[in-house]
$ cat data.txt   # compact mmCIF, C-alpha atoms
# COMPACT_ATOMS: atom_id res chain seq x y z
CA MET A 1 -122.89 58.52 -7.31
CA ARG A 2 -122.62 61.89 -9.06
CA CYS A 3 -122.82 65.17 -7.24
CA LYS A 4 -125.39 67.58 -8.51
CA VAL A 5 -123.80 70.82 -9.69
CA ILE A 6 -125.79 73.94 -8.94
CA LEU A 7 -124.78 76.95 -10.95
CA ILE A 8 -125.02 80.22 -9.11
CA LYS A 9 -125.31 83.12 -11.46
CA SER A 10 -124.59 86.77 -10.98
CA ILE A 11 -127.08 89.52 -11.69
CA ILE A 12 -127.03 93.28 -12.11
CA LEU A 13 -130.28 94.99 -11.10
CA TYR A 14 -130.91 98.65 -11.71
CA GLY A 15 -133.41 101.30 -10.78
CA SER A 16 -133.23 104.27 -13.10
CA HIS A 17 -135.51 107.29 -13.39
CA TYR A 18 -133.73 109.39 -16.02
CA GLY A 19 -131.44 106.72 -17.50
CA SER A 20 -128.01 107.11 -15.90
CA SER A 21 -128.26 104.01 -13.66
CA ARG A 22 -129.40 102.02 -16.68
CA ARG A 23 -126.42 103.30 -18.69
CA TYR A 24 -124.00 102.30 -15.94
CA ALA A 25 -125.71 98.90 -15.53
CA GLN A 26 -125.56 98.18 -19.26
CA LYS A 27 -121.88 99.14 -19.43
CA LEU A 28 -121.09 97.03 -16.35
CA SER A 29 -122.96 94.17 -18.00
CA GLU A 30 -120.87 94.54 -21.18
CA GLN A 31 -117.65 94.56 -19.17
CA THR A 32 -118.51 91.59 -16.95
CA ASN A 33 -120.89 89.46 -19.04
CA ILE A 34 -123.38 89.62 -16.17
CA PRO A 35 -126.96 90.24 -17.29
CA ALA A 36 -128.48 93.62 -16.35
CA VAL A 37 -132.17 93.61 -15.44
CA CYS A 38 -134.52 96.42 -14.46
CA TYR A 39 -135.71 96.08 -10.86
CA LYS A 40 -139.26 95.63 -12.22
CA ASP A 41 -138.16 92.28 -13.68
CA THR A 42 -136.20 91.01 -10.67
CA PRO A 43 -136.04 87.22 -10.62
CA SER A 44 -135.56 85.15 -7.48
CA LEU A 45 -132.28 86.24 -5.93
CA SER A 46 -131.68 83.15 -3.81
CA ASP A 47 -129.33 81.59 -6.38
CA LYS A 48 -127.62 84.80 -7.53
CA ASN A 49 -124.10 85.73 -6.51
CA PRO A 50 -123.04 88.44 -6.50
CA ILE A 51 -126.14 90.59 -6.60
CA ILE A 52 -125.28 94.06 -7.87
CA TYR A 53 -127.89 96.80 -7.49
CA LEU A 54 -127.34 100.13 -9.22
CA GLY A 55 -129.88 102.69 -8.15
CA SER A 56 -130.51 106.36 -8.70
CA MET A 57 -130.81 108.56 -5.63
CA TYR A 58 -134.10 110.46 -5.29
CA ALA A 59 -135.57 112.23 -2.30
CA GLY A 60 -133.11 110.66 0.10
CA GLY A 61 -133.44 107.10 -1.12
CA ILE A 62 -132.26 104.72 -3.79
CA LEU A 63 -134.94 104.09 -6.38
CA GLU A 64 -136.92 100.94 -5.49
CA LEU A 65 -134.10 99.38 -3.46
CA LYS A 66 -136.25 98.75 -0.40
CA LYS A 67 -139.04 97.21 -2.46
CA THR A 68 -136.65 95.06 -4.53
CA LEU A 69 -134.85 93.62 -1.51
CA HIS A 70 -137.90 93.43 0.77
CA GLY A 71 -137.79 90.18 2.71
CA PHE A 72 -134.48 89.15 1.16
CA SER A 73 -131.68 87.69 3.28
CA LEU A 74 -128.19 86.93 2.11
CA ARG A 75 -127.30 83.27 2.13
CA ASP A 76 -123.91 81.90 3.06
CA ARG A 77 -121.25 83.31 0.70
CA GLN A 78 -123.71 85.52 -1.18
CA LYS A 79 -122.47 89.04 -1.84
CA LEU A 80 -124.50 92.21 -2.23
CA ILE A 81 -122.91 95.13 -4.05
CA LEU A 82 -124.83 98.41 -3.88
CA VAL A 83 -124.01 101.21 -6.29
CA THR A 84 -125.63 104.61 -5.90
CA VAL A 85 -125.91 106.96 -8.85
CA ASN A 86 -126.24 110.60 -7.87
CA LEU A 87 -126.46 113.99 -9.46
CA SER A 88 -124.20 115.21 -6.68
CA ASP A 89 -120.48 114.58 -6.44
CA PRO A 90 -119.99 111.16 -4.85
CA GLU A 91 -116.42 112.04 -3.83
CA LEU A 92 -117.58 114.58 -1.25
CA GLN A 93 -117.54 113.03 2.23
CA GLU A 94 -120.73 114.86 3.21
CA ASN A 95 -122.57 113.29 0.27
CA GLN A 96 -121.27 109.81 1.12
CA LYS A 97 -122.47 110.19 4.73
CA ASN A 98 -125.92 111.30 3.54
CA ILE A 99 -126.14 108.43 1.07
CA ARG A 100 -125.13 105.88 3.69
CA ARG A 101 -127.72 107.27 6.13
CA SER A 102 -130.33 106.83 3.40
CA LEU A 103 -129.21 103.27 2.77
CA GLN A 104 -129.44 102.47 6.48
CA LYS A 105 -133.06 103.65 6.46
CA GLN A 106 -133.91 101.53 3.41
CA LEU A 107 -132.22 98.27 4.32
CA PRO A 108 -132.28 95.91 7.26
CA ALA A 109 -129.03 96.10 9.23
CA GLU A 110 -128.08 92.57 8.14
CA LEU A 111 -128.04 93.60 4.46
CA TYR A 112 -126.53 97.03 5.01
CA ASN A 113 -123.67 95.71 7.14
CA LYS A 114 -122.74 93.01 4.62
CA ALA A 115 -123.10 95.11 1.46
CA LYS A 116 -120.15 96.52 -0.46
CA ILE A 117 -121.10 100.10 -1.32
CA PHE A 118 -119.93 102.26 -4.22
CA HIS A 119 -120.97 105.69 -5.50
CA LEU A 120 -121.12 106.99 -9.07
CA GLN A 121 -122.14 110.33 -10.54
CA GLY A 122 -124.73 110.70 -13.23
CA PRO A 123 -125.55 113.40 -15.76
CA ILE A 124 -127.62 116.48 -15.15
CA ASN A 125 -130.11 117.79 -17.66
CA TYR A 126 -132.46 120.28 -16.06
CA GLN A 127 -134.85 120.17 -19.01
CA LYS A 128 -135.47 116.47 -18.32
CA LEU A 129 -135.89 116.86 -14.56
CA SER A 130 -139.44 117.07 -13.30
CA LEU A 131 -140.43 120.37 -11.71
CA LEU A 132 -140.59 118.59 -8.36
CA HIS A 133 -136.99 117.31 -8.68
CA GLN A 134 -135.75 120.75 -9.80
CA THR A 135 -137.46 122.40 -6.84
CA MET A 136 -136.13 119.83 -4.37
CA MET A 137 -132.57 120.30 -5.64
CA LEU A 138 -132.78 124.07 -5.54
CA HIS A 139 -134.26 124.07 -2.06
CA ARG A 140 -131.72 121.57 -0.69
CA SER A 141 -128.75 123.38 -2.19
CA LEU A 142 -129.60 126.91 -1.31
CA GLN A 143 -131.88 126.82 1.70
CA ASN A 144 -130.84 129.38 4.27
CA LYS A 145 -127.37 129.75 2.76
CA SER A 146 -125.61 132.84 1.61
CA ALA A 147 -123.30 132.54 -1.39
CA GLU A 148 -120.29 132.65 0.95
CA LYS A 149 -121.48 129.43 2.65
CA TRP A 150 -122.06 127.39 -0.49
CA ASN A 151 -120.02 124.20 -0.65
CA LYS A 152 -118.50 122.83 -3.88
CA GLU A 153 -121.72 121.02 -4.72
CA ASP A 154 -123.89 124.12 -4.22
CA GLN A 155 -121.53 126.09 -6.43
CA ALA A 156 -121.63 123.40 -9.12
CA PHE A 157 -125.42 123.37 -8.94
CA ILE A 158 -125.59 127.12 -9.56
CA GLU A 159 -123.00 126.98 -12.35
CA THR A 160 -124.81 124.19 -14.17
CA TYR A 161 -128.38 125.29 -13.47
CA ASP A 162 -130.50 125.21 -16.61
CA LYS A 163 -127.66 123.56 -18.53
CA GLN A 164 -126.59 120.01 -19.25
CA GLY A 165 -123.62 118.17 -17.89
CA ASP A 166 -122.76 114.53 -18.37
CA PHE A 167 -120.73 113.32 -15.41
CA VAL A 168 -121.08 109.63 -16.27
CA ASP A 169 -117.64 108.08 -15.95
CA PHE A 170 -117.46 104.47 -17.06
CA ASP A 171 -113.88 104.26 -15.75
CA ALA A 172 -115.41 104.62 -12.27
CA LEU A 173 -116.86 101.11 -12.73
CA GLN A 174 -113.41 99.54 -12.31
CA PRO A 175 -113.50 99.25 -8.48
CA ILE A 176 -116.89 97.54 -8.81
CA ILE A 177 -115.49 95.14 -11.42
CA ASP A 178 -112.55 94.44 -9.10
CA GLU A 179 -115.00 93.62 -6.30
CA ILE A 180 -116.95 91.27 -8.56
CA LYS A 181 -113.73 89.54 -9.62
CA LYS A 182 -112.93 88.76 -5.98
CA ASP A 183 -115.73 86.19 -6.08
CA ILE A 184 -114.36 84.59 -9.21
CA THR A 185 -110.76 84.37 -8.02
CA ALA A 186 -111.55 83.46 -4.39
$ encode --input "data.txt" --output "structure tokens"
Amino acid sequence: MRCKVILIKSIILYGSHYGSSRRYAQKLSEQTNIPAVCYKDTPSLSDKNPIIYLGSMYAGGILELKKTLHGFSLRDRQKLILVTVNLSDPELQENQKNIRRSLQKQLPAELYNKAKIFHLQGPINYQKLSLLHQTMMLHRSLQNKSAEKWNKEDQAFIETYDKQGDFVDFDALQPIIDEIKKDITA
């Protein structure tokens, strides 16, 4: 009697508003040979492992993460890797705390507690940002703060305002690739 072999395939999902999450997802796909798919085209995830979701941060949440993973539960040995893409510096501890709080609001505890979480920085192009996004950023960065109380991110916001800056760093994908490889070598 032959055993039936079930192939479990990996998938990269992305939610991108201005394109940086898509760029990261496509590069990660090139480097890992894992297909990258827009969240709008999400297939069944029950046979996918690992599931990698790259999502842009907007208004305190990751674009379409909650909707994409609604009703989803990780099966035995399935891994969820969440990658946030932010305009702000993901190395700042304050930003990481805020991002993680947002994730906790968007995900059931079971998914959040099992997910491996990474943070990347995207580009900034104020001409491409909607007026709403520009206003939200300006308000968040400078509300009730004097110039002496600006943190590094506030200062960077003022220095780059009305300019372009591409902070996409494909080398920052390496820790994510290392995490994916753990499944292959385990």
$ residues_near_point --input "data.txt" --point "(-121.2, 85.0, 4.8)" --cutoff "12 Å" --atoms "only C-alpha atoms" --output "MDAnalysis selection string"
chainID A and resid 49:50 73:80 110:111 113:115
$ atom_distance --input "data.txt" --atom1 "CA of Leu28 (chain A)" --atom2 "CA of Leu173 (chain A)"
6.9 Å
$ residues_around --input "data.txt" --residues "Arg23 (chain A)" --least-positions-apart "3" --cutoff "10 Å" --atoms "only C-alpha atoms" --output "ChimeraX atom specification"
/A:14,16,18-20,26-29,122,168,170
$ atom_distance --input "data.txt" --atom1 "CA of Lys116 (chain A)" --atom2 "CA of Tyr39 (chain A)"
18.7 Å
$ atom_distance --input "data.txt" --atom1 "CA of Pro108 (chain A)" --atom2 "CA of Gly60 (chain A)"
16.4 Å
$ closest_residue --input "data.txt" --among "A:Gly71, A:Ile12, A:Leu103, A:Val85" --to "Asp169 (chain A)" --atoms "all atoms listed in the file"
A:Val85
$ closest_residue --input "data.txt" --among "A:Leu107, A:Thr32, A:Ser44, A:Cys38" --to "Glu179 (chain A)" --atoms "all atoms listed in the file"
A:Thr32
$ closest_residue --input "data.txt" --among "A:Ala109, A:Ile52, A:Met57, A:Leu45" --to "Asn86 (chain A)" --atoms "all atoms listed in the file"
A:Met57
$ residues_around --input "data.txt" --residues "region 90-100 of chain A" --least-positions-apart "2" --cutoff "9 Å" --atoms "all atoms listed in the file" --output "mmCIF file with C-alpha atoms, in the frame of the given file"
data_model
loop_
_atom_site.group_PDB
_atom_site.id
_atom_site.type_symbol
_atom_site.label_atom_id
_atom_site.label_comp_id
_atom_site.auth_asym_id
_atom_site.auth_seq_id
_atom_site.Cartn_x
_atom_site.Cartn_y
_atom_site.Cartn_z
ATOM 1 C CA MET A 57 -130.810 108.560 -5.630
ATOM 2 C CA GLY A 60 -133.110 110.660 0.100
ATOM 3 C CA GLY A 61 -133.440 107.100 -1.120
ATOM 4 C CA ILE A 62 -132.260 104.720 -3.790
ATOM 5 C CA THR A 84 -125.630 104.610 -5.900
ATOM 6 C CA VAL A 85 -125.910 106.960 -8.850
ATOM 7 C CA ASN A 86 -126.240 110.600 -7.870
ATOM 8 C CA LEU A 87 -126.460 113.990 -9.460
ATOM 9 C CA SER A 88 -124.200 115.210 -6.680
ATOM 10 C CA SER A 102 -130.330 106.830 3.400
ATOM 11 C CA LEU A 103 -129.210 103.270 2.770
ATOM 12 C CA GLN A 104 -129.440 102.470 6.480
ATOM 13 C CA LYS A 105 -133.060 103.650 6.460
ATOM 14 C CA ILE A 117 -121.100 100.100 -1.320
ATOM 15 C CA PHE A 118 -119.930 102.260 -4.220
ATOM 16 C CA HIS A 119 -120.970 105.690 -5.500
ATOM 17 C CA LEU A 120 -121.120 106.990 -9.070
ATOM 18 C CA GLN A 121 -122.140 110.330 -10.540
ATOM 19 C CA LYS A 152 -118.500 122.830 -3.880
ATOM 20 C CA GLU A 153 -121.720 121.020 -4.720
#
$ decode --input "data.txt" --residues "region 67-108 of chain A" --atoms "N, CA and C atoms" --output "compact mmCIF listing (two decimals), in the first residue's frame"
# COMPACT_ATOMS: atom_id res chain seq x y z
N LYS A 67 -8.73 41.14 7.51
CA LYS A 67 -9.67 40.56 6.53
C LYS A 67 -9.08 39.28 5.91
N THR A 68 -7.82 39.31 5.56
CA THR A 68 -7.17 38.17 4.91
C THR A 68 -7.13 36.95 5.82
N LEU A 69 -6.86 37.17 7.10
CA LEU A 69 -6.71 36.04 8.02
C LEU A 69 -7.96 35.80 8.87
N HIS A 70 -9.07 36.46 8.52
CA HIS A 70 -10.32 36.29 9.25
C HIS A 70 -10.75 34.82 9.25
N GLY A 71 -10.96 34.29 10.42
CA GLY A 71 -11.41 32.91 10.55
C GLY A 71 -10.34 31.86 10.35
N PHE A 72 -9.12 32.28 10.13
CA PHE A 72 -8.02 31.34 9.88
C PHE A 72 -7.40 30.89 11.20
N SER A 73 -7.08 29.62 11.29
CA SER A 73 -6.36 29.07 12.44
C SER A 73 -5.16 28.30 11.92
N LEU A 74 -4.06 28.44 12.60
CA LEU A 74 -2.87 27.69 12.21
C LEU A 74 -3.06 26.21 12.55
N ARG A 75 -2.68 25.38 11.63
CA ARG A 75 -2.70 23.94 11.87
C ARG A 75 -1.37 23.53 12.48
N ASP A 76 -1.31 22.29 12.90
CA ASP A 76 -0.09 21.75 13.49
C ASP A 76 1.08 21.96 12.53
N ARG A 77 2.14 22.53 13.02
CA ARG A 77 3.39 22.78 12.28
C ARG A 77 3.31 23.89 11.24
N GLN A 78 2.18 24.54 11.11
CA GLN A 78 2.10 25.67 10.18
C GLN A 78 2.74 26.90 10.84
N LYS A 79 3.42 27.69 10.02
CA LYS A 79 4.09 28.88 10.53
C LYS A 79 3.54 30.11 9.83
N LEU A 80 3.33 31.16 10.62
CA LEU A 80 2.89 32.45 10.11
C LEU A 80 4.01 33.45 10.36
N ILE A 81 4.45 34.08 9.28
CA ILE A 81 5.48 35.12 9.37
C ILE A 81 4.82 36.43 8.93
N LEU A 82 4.81 37.40 9.82
CA LEU A 82 4.22 38.71 9.53
C LEU A 82 5.34 39.72 9.36
N VAL A 83 5.24 40.49 8.28
CA VAL A 83 6.25 41.50 7.98
C VAL A 83 5.54 42.82 7.77
N THR A 84 5.83 43.79 8.62
CA THR A 84 5.23 45.10 8.47
C THR A 84 6.16 45.98 7.63
N VAL A 85 5.57 46.82 6.81
CA VAL A 85 6.34 47.77 6.01
C VAL A 85 5.83 49.15 6.38
N ASN A 86 6.73 49.97 6.88
CA ASN A 86 6.37 51.26 7.46
C ASN A 86 7.13 52.40 6.82
N LEU A 87 6.54 53.57 6.87
CA LEU A 87 7.28 54.77 6.48
C LEU A 87 8.23 55.16 7.60
N SER A 88 7.87 54.80 8.81
CA SER A 88 8.70 55.14 9.96
C SER A 88 9.83 54.14 10.14
N ASP A 89 10.80 54.50 10.93
CA ASP A 89 11.98 53.68 11.16
C ASP A 89 11.62 52.47 12.02
N PRO A 90 11.71 51.27 11.46
CA PRO A 90 11.32 50.08 12.22
C PRO A 90 12.32 49.69 13.31
N GLU A 91 13.46 50.34 13.34
CA GLU A 91 14.47 50.03 14.36
C GLU A 91 14.17 50.72 15.69
N LEU A 92 13.34 51.76 15.66
CA LEU A 92 13.02 52.47 16.89
C LEU A 92 12.08 51.62 17.74
N GLN A 93 12.46 51.42 19.01
CA GLN A 93 11.67 50.58 19.91
C GLN A 93 10.23 51.08 20.04
N GLU A 94 10.04 52.38 20.10
CA GLU A 94 8.70 52.96 20.22
C GLU A 94 7.84 52.55 19.03
N ASN A 95 8.41 52.57 17.84
CA ASN A 95 7.66 52.16 16.65
C ASN A 95 7.30 50.68 16.71
N GLN A 96 8.24 49.85 17.14
CA GLN A 96 7.97 48.42 17.23
C GLN A 96 6.85 48.14 18.23
N LYS A 97 6.85 48.84 19.35
CA LYS A 97 5.77 48.66 20.34
C LYS A 97 4.42 49.05 19.74
N ASN A 98 4.39 50.18 19.03
CA ASN A 98 3.14 50.63 18.42
C ASN A 98 2.64 49.64 17.36
N ILE A 99 3.57 49.13 16.57
CA ILE A 99 3.21 48.17 15.53
C ILE A 99 2.65 46.90 16.17
N ARG A 100 3.31 46.42 17.19
CA ARG A 100 2.86 45.19 17.85
C ARG A 100 1.49 45.38 18.52
N ARG A 101 1.24 46.56 19.08
CA ARG A 101 -0.09 46.85 19.63
C ARG A 101 -1.14 46.79 18.53
N SER A 102 -0.80 47.34 17.37
CA SER A 102 -1.72 47.30 16.23
C SER A 102 -2.00 45.87 15.80
N LEU A 103 -0.95 45.07 15.74
CA LEU A 103 -1.11 43.67 15.36
C LEU A 103 -2.01 42.93 16.34
N GLN A 104 -1.85 43.20 17.63
CA GLN A 104 -2.66 42.55 18.64
C GLN A 104 -4.14 42.89 18.48
N LYS A 105 -4.42 44.10 18.00
CA LYS A 105 -5.81 44.50 17.77
C LYS A 105 -6.39 43.84 16.53
N GLN A 106 -5.53 43.51 15.56
CA GLN A 106 -5.99 42.97 14.29
C GLN A 106 -6.09 41.45 14.26
N LEU A 107 -5.38 40.79 15.15
CA LEU A 107 -5.30 39.33 15.08
C LEU A 107 -5.81 38.68 16.36
N PRO A 108 -6.40 37.51 16.22
CA PRO A 108 -6.72 36.74 17.42
C PRO A 108 -5.41 36.39 18.14
